[in-house]
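**Student:** For reference, this is work-v6.pdb, and it has PDB, N, CA and C atoms.
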ATOM      1  N   MET A   1      53.154  42.925   8.929
ATOM      2  CA  MET A   1      53.847  43.619   7.859
ATOM      3  C   MET A   1      53.333  43.152   6.503
ATOM      4  N   LYS A   2      53.099  41.832   6.368
ATOM      5  CA  LYS A   2      52.590  41.315   5.098
ATOM      6  C   LYS A   2      51.212  41.887   4.788
ATOM      7  N   LYS A   3      50.395  42.072   5.826
ATOM      8  CA  LYS A   3      49.060  42.638   5.621
ATOM      9  C   LYS A   3      49.141  44.072   5.118
ATOM     10  N   ILE A   4      50.070  44.831   5.662
ATOM     11  CA  ILE A   4      50.233  46.221   5.242
ATOM     12  C   ILE A   4      50.687  46.285   3.788
ATOM     13  N   ILE A   5      51.644  45.462   3.428
ATOM     14  CA  ILE A   5      52.138  45.427   2.049
ATOM     15  C   ILE A   5      51.030  44.982   1.104
ATOM     16  N   SER A   6      50.262  43.985   1.495
ATOM     17  CA  SER A   6      49.146  43.527   0.670
ATOM     18  C   SER A   6      48.101  44.624   0.504
ATOM     19  N   LEU A   7      47.795  45.313   1.581
ATOM     20  CA  LEU A   7      46.821  46.399   1.535
ATOM     21  C   LEU A   7      47.308  47.534   0.636
ATOM     22  N   LEU A   8      48.575  47.880   0.729
ATOM     23  CA  LEU A   8      49.137  48.910  -0.143
ATOM     24  C   LEU A   8      49.081  48.480  -1.606
ATOM     25  N   GLY A   9      49.334  47.212  -1.858
ATOM     26  CA  GLY A   9      49.252  46.679  -3.219
ATOM     27  C   GLY A   9      47.853  46.802  -3.800
ATOM     28  N   VAL A  10      46.858  46.538  -2.977
ATOM     29  CA  VAL A  10      45.465  46.671  -3.413
ATOM     30  C   VAL A  10      45.159  48.121  -3.766
ATOM     31  N   PHE A  11      45.594  49.066  -2.935
ATOM     32  CA  PHE A  11      45.344  50.483  -3.202
ATOM     33  C   PHE A  11      46.053  50.950  -4.464
ATOM     34  N   VAL A  12      47.271  50.474  -4.675
ATOM     35  CA  VAL A  12      48.010  50.851  -5.878
ATOM     36  C   VAL A  12      47.295  50.331  -7.114
ATOM     37  N   LEU A  13      46.883  49.082  -7.090
ATOM     38  CA  LEU A  13      46.175  48.514  -8.232
ATOM     39  C   LEU A  13      44.815  49.167  -8.429
ATOM     40  N   ALA A  14      44.147  49.499  -7.375
ATOM     41  CA  ALA A  14      42.841  50.158  -7.482
ATOM     42  C   ALA A  14      42.980  51.528  -8.131
ATOM     43  N   GLY A  15      44.091  52.183  -7.916
ATOM     44  CA  GLY A  15      44.324  53.481  -8.538
ATOM     45  C   GLY A  15      44.510  53.392 -10.037
ATOM     46  N   CYS A  16      44.871  52.223 -10.547
ATOM     47  CA  CYS A  16      45.069  52.030 -11.981
ATOM     48  C   CYS A  16      43.778  51.673 -12.701
ATOM     49  N   VAL A  17      42.756  51.360 -11.975
ATOM     50  CA  VAL A  17      41.490  50.943 -12.573
ATOM     51  C   VAL A  17      40.515  52.105 -12.508
ATOM     52  N   ASN A  18      39.835  52.363 -13.612
ATOM     53  CA  ASN A  18      38.834  53.418 -13.638
ATOM     54  C   ASN A  18      37.457  52.793 -13.462
ATOM     55  N   PRO A  19      36.909  52.804 -12.233
ATOM     56  CA  PRO A  19      35.607  52.180 -12.010
ATOM     57  C   PRO A  19      34.461  52.994 -12.583
ATOM     58  N   TYR A  20      34.729  54.223 -12.982
ATOM     59  CA  TYR A  20      33.705  55.105 -13.497
ATOM     60  C   TYR A  20      33.459  54.793 -14.968
ATOM     61  N   ALA A  21      32.318  54.243 -15.280
ATOM     62  CA  ALA A  21      31.951  53.904 -16.656
ATOM     63  C   ALA A  21      31.028  55.006 -17.168
ATOM     64  N   TYR A  22      31.621  56.091 -17.663
ATOM     65  CA  TYR A  22      30.847  57.274 -18.004
ATOM     66  C   TYR A  22      29.808  57.027 -19.084
ATOM     67  N   ARG A  23      30.074  56.135 -20.035
ATOM     68  CA  ARG A  23      29.094  55.877 -21.101
ATOM     69  C   ARG A  23      27.789  55.332 -20.542
ATOM     70  N   GLU A  24      27.878  54.524 -19.498
ATOM     71  CA  GLU A  24      26.686  53.940 -18.899
ATOM     72  C   GLU A  24      26.083  54.838 -17.816
ATOM     73  N   ASP A  25      26.921  55.645 -17.166
ATOM     74  CA  ASP A  25      26.478  56.423 -16.013
ATOM     75  C   ASP A  25      25.975  57.825 -16.349
ATOM     76  N   GLN A  26      26.284  58.329 -17.532
ATOM     77  CA  GLN A  26      25.966  59.714 -17.858
ATOM     78  C   GLN A  26      25.304  59.846 -19.209
ATOM     79  N   ALA A  27      24.534  60.912 -19.348
ATOM     80  CA  ALA A  27      23.959  61.260 -20.647
ATOM     81  C   ALA A  27      24.995  62.057 -21.445
ATOM     82  N   VAL A  28      24.901  61.999 -22.739
ATOM     83  CA  VAL A  28      25.774  62.777 -23.612
ATOM     84  C   VAL A  28      25.408  64.252 -23.447
ATOM     85  N   GLN A  29      26.393  65.092 -23.155
ATOM     86  CA  GLN A  29      26.158  66.528 -22.984
ATOM     87  C   GLN A  29      26.087  67.261 -24.318
ATOM     88  N   ALA A  30      26.881  66.809 -25.294
ATOM     89  CA  ALA A  30      26.902  67.414 -26.619
ATOM     90  C   ALA A  30      27.400  66.365 -27.605
ATOM     91  N   SER A  31      26.916  66.436 -28.817
ATOM     92  CA  SER A  31      27.304  65.478 -29.852
ATOM     93  C   SER A  31      27.603  66.240 -31.140
ATOM     94  N   PHE A  32      28.658  65.816 -31.834
ATOM     95  CA  PHE A  32      29.100  66.488 -33.047
ATOM     96  C   PHE A  32      29.458  65.450 -34.103
ATOM     97  N   THR A  33      29.479  65.867 -35.357
ATOM     98  CA  THR A  33      29.956  65.007 -36.435
ATOM     99  C   THR A  33      30.930  65.789 -37.306
ATOM    100  N   THR A  34      31.812  65.050 -37.946
ATOM    101  CA  THR A  34      32.783  65.635 -38.864
ATOM    102  C   THR A  34      33.112  64.608 -39.934
ATOM    103  N   LYS A  35      33.683  65.074 -41.020
ATOM    104  CA  LYS A  35      34.128  64.172 -42.087
ATOM    105  C   LYS A  35      35.605  63.810 -41.928
ATOM    106  N   LYS A  36      36.263  64.387 -40.931
ATOM    107  CA  LYS A  36      37.664  64.065 -40.661
ATOM    108  C   LYS A  36      37.756  62.655 -40.091
ATOM    109  N   GLY A  37      38.938  62.074 -40.137
ATOM    110  CA  GLY A  37      39.149  60.724 -39.630
ATOM    111  C   GLY A  37      39.043  60.642 -38.116
ATOM    112  N   VAL A  38      38.764  59.450 -37.621
ATOM    113  CA  VAL A  38      38.576  59.227 -36.186
ATOM    114  C   VAL A  38      39.847  59.546 -35.403
ATOM    115  N   GLU A  39      40.962  58.961 -35.799
ATOM    116  CA  GLU A  39      42.199  59.168 -35.050
ATOM    117  C   GLU A  39      42.696  60.606 -35.164
ATOM    118  N   GLU A  40      42.540  61.206 -36.336
ATOM    119  CA  GLU A  40      42.921  62.607 -36.529
ATOM    120  C   GLU A  40      42.098  63.518 -35.603
ATOM    121  N   THR A  41      40.817  63.242 -35.494
ATOM    122  CA  THR A  41      39.935  64.034 -34.637
ATOM    123  C   THR A  41      40.295  63.837 -33.172
ATOM    124  N   GLN A  42      40.561  62.592 -32.778
ATOM    125  CA  GLN A  42      40.959  62.332 -31.393
ATOM    126  C   GLN A  42      42.229  63.104 -31.041
ATOM    127  N   GLN A  43      43.220  63.065 -31.914
ATOM    128  CA  GLN A  43      44.490  63.750 -31.638
ATOM    129  C   GLN A  43      44.298  65.260 -31.557
ATOM    130  N   CYS A  44      43.430  65.802 -32.401
ATOM    131  CA  CYS A  44      43.161  67.238 -32.379
ATOM    132  C   CYS A  44      42.516  67.645 -31.052
ATOM    133  N   ILE A  45      41.509  66.890 -30.615
ATOM    134  CA  ILE A  45      40.831  67.201 -29.353
ATOM    135  C   ILE A  45      41.792  67.043 -28.176
ATOM    136  N   LEU A  46      42.585  65.978 -28.189
ATOM    137  CA  LEU A  46      43.574  65.759 -27.129
ATOM    138  C   LEU A  46      44.516  66.954 -27.026
ATOM    139  N   ALA A  47      45.047  67.407 -28.158
ATOM    140  CA  ALA A  47      45.975  68.546 -28.154
ATOM    141  C   ALA A  47      45.278  69.818 -27.665
ATOM    142  N   ALA A  48      44.042  70.027 -28.100
ATOM    143  CA  ALA A  48      43.300  71.223 -27.677
ATOM    144  C   ALA A  48      43.035  71.203 -26.172
ATOM    145  N   TRP A  49      42.647  70.062 -25.646
ATOM    146  CA  TRP A  49      42.395  69.951 -24.203
ATOM    147  C   TRP A  49      43.684  70.093 -23.418
ATOM    148  N   GLN A  50      44.797  69.583 -23.938
ATOM    149  CA  GLN A  50      46.073  69.684 -23.229
ATOM    150  C   GLN A  50      46.600  71.113 -23.217
ATOM    151  N   ARG A  51      46.231  71.915 -24.190
ATOM    152  CA  ARG A  51      46.634  73.330 -24.177
ATOM    153  C   ARG A  51      45.960  74.078 -23.032
ATOM    154  N   GLU A  52      44.798  73.580 -22.612
ATOM    155  CA  GLU A  52      44.065  74.182 -21.500
ATOM    156  C   GLU A  52      43.583  73.066 -20.581
ATOM    157  N   PRO A  53      44.478  72.529 -19.720
ATOM    158  CA  PRO A  53      44.154  71.330 -18.939
ATOM    159  C   PRO A  53      43.113  71.511 -17.844
ATOM    160  N   LEU A  54      42.798  72.728 -17.429
ATOM    161  CA  LEU A  54      41.790  72.985 -16.388
ATOM    162  C   LEU A  54      42.061  72.187 -15.117
ATOM    163  N   LEU A  55      43.327  72.132 -14.720
ATOM    164  CA  LEU A  55      43.781  71.491 -13.479
ATOM    165  C   LEU A  55      43.534  69.985 -13.441
ATOM    166  N   MET A  56      43.400  69.341 -14.600
ATOM    167  CA  MET A  56      43.148  67.897 -14.632
ATOM    168  C   MET A  56      44.072  67.228 -15.639
ATOM    169  N   GLN A  57      44.468  66.029 -15.315
ATOM    170  CA  GLN A  57      45.281  65.243 -16.236
ATOM    171  C   GLN A  57      44.398  64.783 -17.384
ATOM    172  N   ILE A  58      44.939  64.792 -18.589
ATOM    173  CA  ILE A  58      44.188  64.404 -19.778
ATOM    174  C   ILE A  58      44.962  63.302 -20.490
ATOM    175  N   ASN A  59      44.250  62.229 -20.844
ATOM    176  CA  ASN A  59      44.865  61.094 -21.529
ATOM    177  C   ASN A  59      44.003  60.666 -22.701
ATOM    178  N   GLN A  60      44.577  59.840 -23.534
ATOM    179  CA  GLN A  60      43.819  59.225 -24.612
ATOM    180  C   GLN A  60      43.768  57.730 -24.374
ATOM    181  N   GLN A  61      42.741  57.087 -24.901
ATOM    182  CA  GLN A  61      42.654  55.635 -24.814
ATOM    183  C   GLN A  61      41.790  55.130 -25.955
ATOM    184  N   GLN A  62      41.974  53.876 -26.285
ATOM    185  CA  GLN A  62      41.121  53.232 -27.277
ATOM    186  C   GLN A  62      40.494  52.008 -26.638
ATOM    187  N   THR A  63      39.166  51.943 -26.698
ATOM    188  CA  THR A  63      38.409  50.816 -26.171
ATOM    189  C   THR A  63      37.391  50.430 -27.229
ATOM    190  N   GLY A  64      37.622  49.295 -27.865
ATOM    191  CA  GLY A  64      36.710  48.885 -28.929
ATOM    192  C   GLY A  64      36.700  49.907 -30.045
ATOM    193  N   LYS A  65      35.519  50.373 -30.412
ATOM    194  CA  LYS A  65      35.401  51.345 -31.503
ATOM    195  C   LYS A  65      35.660  52.787 -31.055
ATOM    196  N   TYR A  66      35.795  53.003 -29.753
ATOM    197  CA  TYR A  66      35.931  54.355 -29.210
ATOM    198  C   TYR A  66      37.391  54.783 -29.090
ATOM    199  N   PHE A  67      37.704  55.922 -29.677
ATOM    200  CA  PHE A  67      38.983  56.591 -29.499
ATOM    201  C   PHE A  67      38.664  57.757 -28.568
ATOM    202  N   SER A  68      39.023  57.628 -27.302
ATOM    203  CA  SER A  68      38.538  58.546 -26.285
ATOM    204  C   SER A  68      39.611  59.477 -25.758
ATOM    205  N   ILE A  69      39.150  60.630 -25.290
ATOM    206  CA  ILE A  69      39.958  61.565 -24.549
ATOM    207  C   ILE A  69      39.326  61.599 -23.161
ATOM    208  N   VAL A  70      40.100  61.265 -22.140
ATOM    209  CA  VAL A  70      39.536  61.139 -20.796
ATOM    210  C   VAL A  70      40.291  62.036 -19.815
ATOM    211  N   SER A  71      39.536  62.619 -18.910
ATOM    212  CA  SER A  71      40.101  63.380 -17.811
ATOM    213  C   SER A  71      39.182  63.174 -16.614
ATOM    214  N   THR A  72      39.502  63.805 -15.523
ATOM    215  CA  THR A  72      38.732  63.609 -14.308
ATOM    216  C   THR A  72      37.296  64.082 -14.441
ATOM    217  N   GLY A  73      37.069  65.221 -15.086
ATOM    218  CA  GLY A  73      35.726  65.775 -15.160
ATOM    219  C   GLY A  73      35.071  65.722 -16.513
ATOM    220  N   ASP A  74      35.848  65.461 -17.564
ATOM    221  CA  ASP A  74      35.322  65.490 -18.926
ATOM    222  C   ASP A  74      35.836  64.301 -19.716
ATOM    223  N   ASN A  75      34.994  63.802 -20.597
ATOM    224  CA  ASN A  75      35.382  62.715 -21.489
ATOM    225  C   ASN A  75      34.773  62.965 -22.854
ATOM    226  N   ALA A  76      35.484  62.552 -23.890
ATOM    227  CA  ALA A  76      34.954  62.636 -25.248
ATOM    228  C   ALA A  76      35.246  61.322 -25.949
ATOM    229  N   ASP A  77      34.230  60.775 -26.590
ATOM    230  CA  ASP A  77      34.387  59.569 -27.403
ATOM    231  C   ASP A  77      34.346  59.966 -28.864
ATOM    232  N   VAL A  78      35.315  59.487 -29.625
ATOM    233  CA  VAL A  78      35.361  59.728 -31.064
ATOM    234  C   VAL A  78      35.247  58.362 -31.717
ATOM    235  N   PHE A  79      34.290  58.219 -32.632
ATOM    236  CA  PHE A  79      34.076  56.920 -33.266
ATOM    237  C   PHE A  79      33.417  57.095 -34.625
ATOM    238  N   SER A  80      33.494  56.058 -35.432
ATOM    239  CA  SER A  80      32.899  56.067 -36.764
ATOM    240  C   SER A  80      31.444  55.623 -36.674
ATOM    241  N   ASP A  81      30.568  56.355 -37.381
ATOM    242  CA  ASP A  81      29.144  56.047 -37.381
ATOM    243  C   ASP A  81      28.567  56.381 -38.755
ATOM    244  N   ASN A  82      28.231  55.351 -39.520
ATOM    245  CA  ASN A  82      27.655  55.522 -40.866
ATOM    246  C   ASN A  82      28.505  56.403 -41.774
ATOM    247  N   GLY A  83      29.795  56.181 -41.788
ATOM    248  CA  GLY A  83      30.694  56.907 -42.675
ATOM    249  C   GLY A  83      31.132  58.278 -42.173
ATOM    250  N   LEU A  84      30.623  58.715 -41.054
ATOM    251  CA  LEU A  84      31.035  59.981 -40.458
ATOM    252  C   LEU A  84      31.771  59.708 -39.151
ATOM    253  N   THR A  85      32.537  60.678 -38.714
ATOM    254  CA  THR A  85      33.156  60.595 -37.401
ATOM    255  C   THR A  85      32.238  61.319 -36.431
ATOM    256  N   LYS A  86      31.886  60.654 -35.354
ATOM    257  CA  LYS A  86      30.987  61.218 -34.352
ATOM    258  C   LYS A  86      31.762  61.451 -33.060
ATOM    259  N   ILE A  87      31.453  62.544 -32.396
ATOM    260  CA  ILE A  87      32.072  62.873 -31.116
ATOM    261  C   ILE A  87      30.968  63.053 -30.086
ATOM    262  N   ASN A  88      31.018  62.284 -29.013
ATOM    263  CA  ASN A  88      30.102  62.441 -27.883
ATOM    264  C   ASN A  88      30.893  63.000 -26.712
ATOM    265  N   TYR A  89      30.379  64.063 -26.128
ATOM    266  CA  TYR A  89      31.042  64.727 -25.004
ATOM    267  C   TYR A  89      30.246  64.478 -23.729
ATOM    268  N   TYR A  90      30.949  64.056 -22.683
ATOM    269  CA  TYR A  90      30.367  63.792 -21.369
ATOM    270  C   TYR A  90      31.068  64.689 -20.358
ATOM    271  N   SER A  91      30.343  65.156 -19.344
ATOM    272  CA  SER A  91      30.959  66.013 -18.341
ATOM    273  C   SER A  91      30.344  65.773 -16.973
ATOM    274  N   LEU A  92      31.197  65.820 -15.968
ATOM    275  CA  LEU A  92      30.745  65.772 -14.580
ATOM    276  C   LEU A  92      30.558  67.170 -14.010
ATOM    277  N   ARG A  93      30.857  68.173 -14.809
ATOM    278  CA  ARG A  93      30.765  69.557 -14.334
ATOM    279  C   ARG A  93      29.295  69.923 -14.170
ATOM    280  N   GLY A  94      28.962  70.352 -13.000
ATOM    281  CA  GLY A  94      27.584  70.744 -12.727
ATOM    282  C   GLY A  94      27.378  72.238 -12.932
ATOM    283  N   THR A  95      26.422  72.783 -12.233
ATOM    284  CA  THR A  95      26.105  74.194 -12.366
ATOM    285  C   THR A  95      27.156  75.097 -11.750
ATOM    286  N   LEU A  96      27.983  74.563 -10.866
ATOM    287  CA  LEU A  96      29.045  75.351 -10.245
ATOM    288  C   LEU A  96      30.368  75.167 -10.981
ATOM    289  N   ASP A  97      30.343  75.379 -12.270
ATOM    290  CA  ASP A  97      31.522  75.238 -13.119
ATOM    291  C   ASP A  97      32.273  76.574 -13.120
ATOM    292  N   VAL A  98      33.050  76.812 -12.063
ATOM    293  CA  VAL A  98      33.695  78.114 -11.855
ATOM    294  C   VAL A  98      34.737  78.463 -12.913
ATOM    295  N   MET A  99      35.290  77.478 -13.602
ATOM    296  CA  MET A  99      36.297  77.739 -14.627
ATOM    297  C   MET A  99      35.704  77.703 -16.034
ATOM    298  N   SER A 100      34.385  77.609 -16.147
ATOM    299  CA  SER A 100      33.706  77.499 -17.449
ATOM    300  C   SER A 100      34.294  76.360 -18.261
ATOM    301  N   GLY A 101      34.626  75.280 -17.581
ATOM    302  CA  GLY A 101      35.271  74.142 -18.218
ATOM    303  C   GLY A 101      34.437  73.492 -19.302
ATOM    304  N   LYS A 102      33.145  73.371 -19.061
ATOM    305  CA  LYS A 102      32.281  72.723 -20.037
ATOM    306  C   LYS A 102      32.281  73.491 -21.368
ATOM    307  N   SER A 103      32.117  74.796 -21.301
ATOM    308  CA  SER A 103      32.096  75.584 -22.536
ATOM    309  C   SER A 103      33.468  75.593 -23.208
ATOM    310  N   LYS A 104      34.550  75.559 -22.420
ATOM    311  CA  LYS A 104      35.899  75.514 -22.992
ATOM    312  C   LYS A 104      36.143  74.170 -23.688
ATOM    313  N   ARG A 105      35.687  73.089 -23.086
ATOM    314  CA  ARG A 105      35.860  71.764 -23.698
ATOM    315  C   ARG A 105      35.063  71.669 -25.000
ATOM    316  N   ILE A 106      33.831  72.165 -24.977
ATOM    317  CA  ILE A 106      32.997  72.116 -26.184
ATOM    318  C   ILE A 106      33.605  72.979 -27.285
ATOM    319  N   ALA A 107      34.112  74.161 -26.938
ATOM    320  CA  ALA A 107      34.776  75.016 -27.930
ATOM    321  C   ALA A 107      35.997  74.326 -28.534
ATOM    322  N   SER A 108      36.742  73.591 -27.708
ATOM    323  CA  SER A 108      37.911  72.849 -28.196
ATOM    324  C   SER A 108      37.488  71.761 -29.178
ATOM    325  N   ILE A 109      36.410  71.071 -28.855
ATOM    326  CA  ILE A 109      35.906  70.027 -29.766
ATOM    327  C   ILE A 109      35.482  70.663 -31.084
ATOM    328  N   LYS A 110      34.745  71.768 -31.009
ATOM    329  CA  LYS A 110      34.273  72.453 -32.232
ATOM    330  C   LYS A 110      35.434  72.908 -33.103
ATOM    331  N   SER A 111      36.564  73.273 -32.487
ATOM    332  CA  SER A 111      37.725  73.714 -33.260
ATOM    333  C   SER A 111      38.332  72.578 -34.079
ATOM    334  N   CYS A 112      37.986  71.346 -33.752
ATOM    335  CA  CYS A 112      38.545  70.171 -34.434
ATOM    336  C   CYS A 112      37.595  69.589 -35.487
ATOM    337  N   LEU A 113      36.459  70.219 -35.659
ATOM    338  CA  LEU A 113      35.495  69.703 -36.636
ATOM    339  C   LEU A 113      35.900  70.139 -38.028
TER     340      LEU A 113
END
Please go through the file and, once you have read it, give me the structure as structure tokens.

**Tutor:**
Amino acid sequence: MKKIISLLGVFVLAGCVNPYAYREDQAVQASFTTKKGVEETQQCILAAWQREPLLMQINQQQTGKYFSIVSTGDNADVFSDNGLTKINYYSLRGTLDVMSGKSKRIASIKSCL
């Protein structure tokens, strides 16, 4: 019984950790700049993505200089770079993007510039 409880505990904790390090594992799909503030831009993108969730949970997080919007298939990093706010968009969506998620995410980002 103790082994089962321990094993369940490991699975629960593993679910809280995101082993996928998209910045290191993926190339930037699209990059944008704006003169708006970093946090303002992050909140705008978060709200735009939440209006059209594309069957995925969407969250925000801050890690170091990155104010990120993260979901299962798409991520956006918002950060300051030489006095401008820069947005890097990453996507796991391949050529079989049946919901046109990539173009919808990019359009949402553009609406916040």

**Student:** Find the residues around stretch 82-96 of chain A up to 6.5 Å (all atoms listed in the file counted), leave out those fewer than 6 positions away in its own chain, and share them as a ChimeraX atom specification.

**Tutor:** /A:27-38,73-76

**Student:** Using only N, CA and C atoms, find the one residue out of A:Pro53, A:Ala107, A:Glu24, A:Ser80 that sits nearest to A:Tyr66.

**Tutor:**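 That would be A:Ser80, the residue with the smallest distance to A:Tyr66.
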
**Student:** In Å, rounded to a single decimal, give me how far atom CA of A:Ser108 is from atom CA of A:Thr41.

**Tutor:**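 Calculated distance between atom CA of A:Thr41 and atom CA of A:Ser108 is 11.1 Å.
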
**Student:** Among chain A, which residues does DSSP mark as strand (DSSP E or B) when it is run on the backbone? Keep the chain and numbering as in the structure and answer as a PyMOL selection string.

**Tutor:** chain A and resi 30-34+58-63+66-71+74-81+84-91

**Student:** Take the selection from the previous step and output its residues with N, CA and C atoms, as a compact mmCIF listing (two decimals), keeping the file's coordinate frame.

**Tutor:**
# COMPACT_ATOMS: atom_id res chain seq x y z
N ALA A 30 26.88 66.81 -25.29
CA ALA A 30 26.90 67.41 -26.62
C ALA A 30 27.40 66.36 -27.60
N SER A 31 26.92 66.44 -28.82
CA SER A 31 27.30 65.48 -29.85
C SER A 31 27.60 66.24 -31.14
N PHE A 32 28.66 65.82 -31.83
CA PHE A 32 29.10 66.49 -33.05
C PHE A 32 29.46 65.45 -34.10
N THR A 33 29.48 65.87 -35.36
CA THR A 33 29.96 65.01 -36.44
C THR A 33 30.93 65.79 -37.31
N THR A 34 31.81 65.05 -37.95
CA THR A 34 32.78 65.64 -38.86
C THR A 34 33.11 64.61 -39.93
N ILE A 58 44.94 64.79 -18.59
CA ILE A 58 44.19 64.40 -19.78
C ILE A 58 44.96 63.30 -20.49
N ASN A 59 44.25 62.23 -20.84
CA ASN A 59 44.86 61.09 -21.53
C ASN A 59 44.00 60.67 -22.70
N GLN A 60 44.58 59.84 -23.53
CA GLN A 60 43.82 59.22 -24.61
C GLN A 60 43.77 57.73 -24.37
N GLN A 61 42.74 57.09 -24.90
CA GLN A 61 42.65 55.64 -24.81
C GLN A 61 41.79 55.13 -25.96
N GLN A 62 41.97 53.88 -26.28
CA GLN A 62 41.12 53.23 -27.28
C GLN A 62 40.49 52.01 -26.64
N THR A 63 39.17 51.94 -26.70
CA THR A 63 38.41 50.82 -26.17
C THR A 63 37.39 50.43 -27.23
N TYR A 66 35.80 53.00 -29.75
CA TYR A 66 35.93 54.36 -29.21
C TYR A 66 37.39 54.78 -29.09
N PHE A 67 37.70 55.92 -29.68
CA PHE A 67 38.98 56.59 -29.50
C PHE A 67 38.66 57.76 -28.57
N SER A 68 39.02 57.63 -27.30
CA SER A 68 38.54 58.55 -26.28
C SER A 68 39.61 59.48 -25.76
N ILE A 69 39.15 60.63 -25.29
CA ILE A 69 39.96 61.56 -24.55
C ILE A 69 39.33 61.60 -23.16
N VAL A 70 40.10 61.26 -22.14
CA VAL A 70 39.54 61.14 -20.80
C VAL A 70 40.29 62.04 -19.82
N SER A 71 39.54 62.62 -18.91
CA SER A 71 40.10 63.38 -17.81
C SER A 71 39.18 63.17 -16.61
N ASP A 74 35.85 65.46 -17.56
CA ASP A 74 35.32 65.49 -18.93
C ASP A 74 35.84 64.30 -19.72
N ASN A 75 34.99 63.80 -20.60
CA ASN A 75 35.38 62.72 -21.49
C ASN A 75 34.77 62.96 -22.85
N ALA A 76 35.48 62.55 -23.89
CA ALA A 76 34.95 62.64 -25.25
C ALA A 76 35.25 61.32 -25.95
N ASP A 77 34.23 60.78 -26.59
CA ASP A 77 34.39 59.57 -27.40
C ASP A 77 34.35 59.97 -28.86
N VAL A 78 35.32 59.49 -29.62
CA VAL A 78 35.36 59.73 -31.06
C VAL A 78 35.25 58.36 -31.72
N PHE A 79 34.29 58.22 -32.63
CA PHE A 79 34.08 56.92 -33.27
C PHE A 79 33.42 57.10 -34.62
N SER A 80 33.49 56.06 -35.43
CA SER A 80 32.90 56.07 -36.76
C SER A 80 31.44 55.62 -36.67
N ASP A 81 30.57 56.36 -37.38
CA ASP A 81 29.14 56.05 -37.38
C ASP A 81 28.57 56.38 -38.76
N LEU A 84 30.62 58.72 -41.05
CA LEU A 84 31.04 59.98 -40.46
C LEU A 84 31.77 59.71 -39.15
N THR A 85 32.54 60.68 -38.71
CA THR A 85 33.16 60.60 -37.40
C THR A 85 32.24 61.32 -36.43
N LYS A 86 31.89 60.65 -35.35
CA LYS A 86 30.99 61.22 -34.35
C LYS A 86 31.76 61.45 -33.06
N ILE A 87 31.45 62.54 -32.40
CA ILE A 87 32.07 62.87 -31.12
C ILE A 87 30.97 63.05 -30.09
N ASN A 88 31.02 62.28 -29.01
CA ASN A 88 30.10 62.44 -27.88
C ASN A 88 30.89 63.00 -26.71
N TYR A 89 30.38 64.06 -26.13
CA TYR A 89 31.04 64.73 -25.00
C TYR A 89 30.25 64.48 -23.73
N TYR A 90 30.95 64.06 -22.68
CA TYR A 90 30.37 63.79 -21.37
C TYR A 90 31.07 64.69 -20.36
N SER A 91 30.34 65.16 -19.34
CA SER A 91 30.96 66.01 -18.34
C SER A 91 30.34 65.77 -16.97

**Student:** Calculate how many Å separate atom N of A:Trp49 from atom CA of A:Arg105, rounding to one decimal.

**Tutor:**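 Between atom N of A:Trp49 and atom CA of A:Arg105 the gap is 7.3 Å.
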
**Student:** Determine the nearest neighbour of A:Ser103 from the options A:Ala21, A:Leu46, A:Leu54, A:Val78, counting only C-alpha atoms.

**Tutor:** A:Leu54

**Student:** Can you turn the PyMOL selection byres ((chain A and resi 70) around 6.5) into a concrete residue list for this file, as a PyMOL selection string?

**Tutor:** chain A and resi 57-61+68-69+71-72+74-76
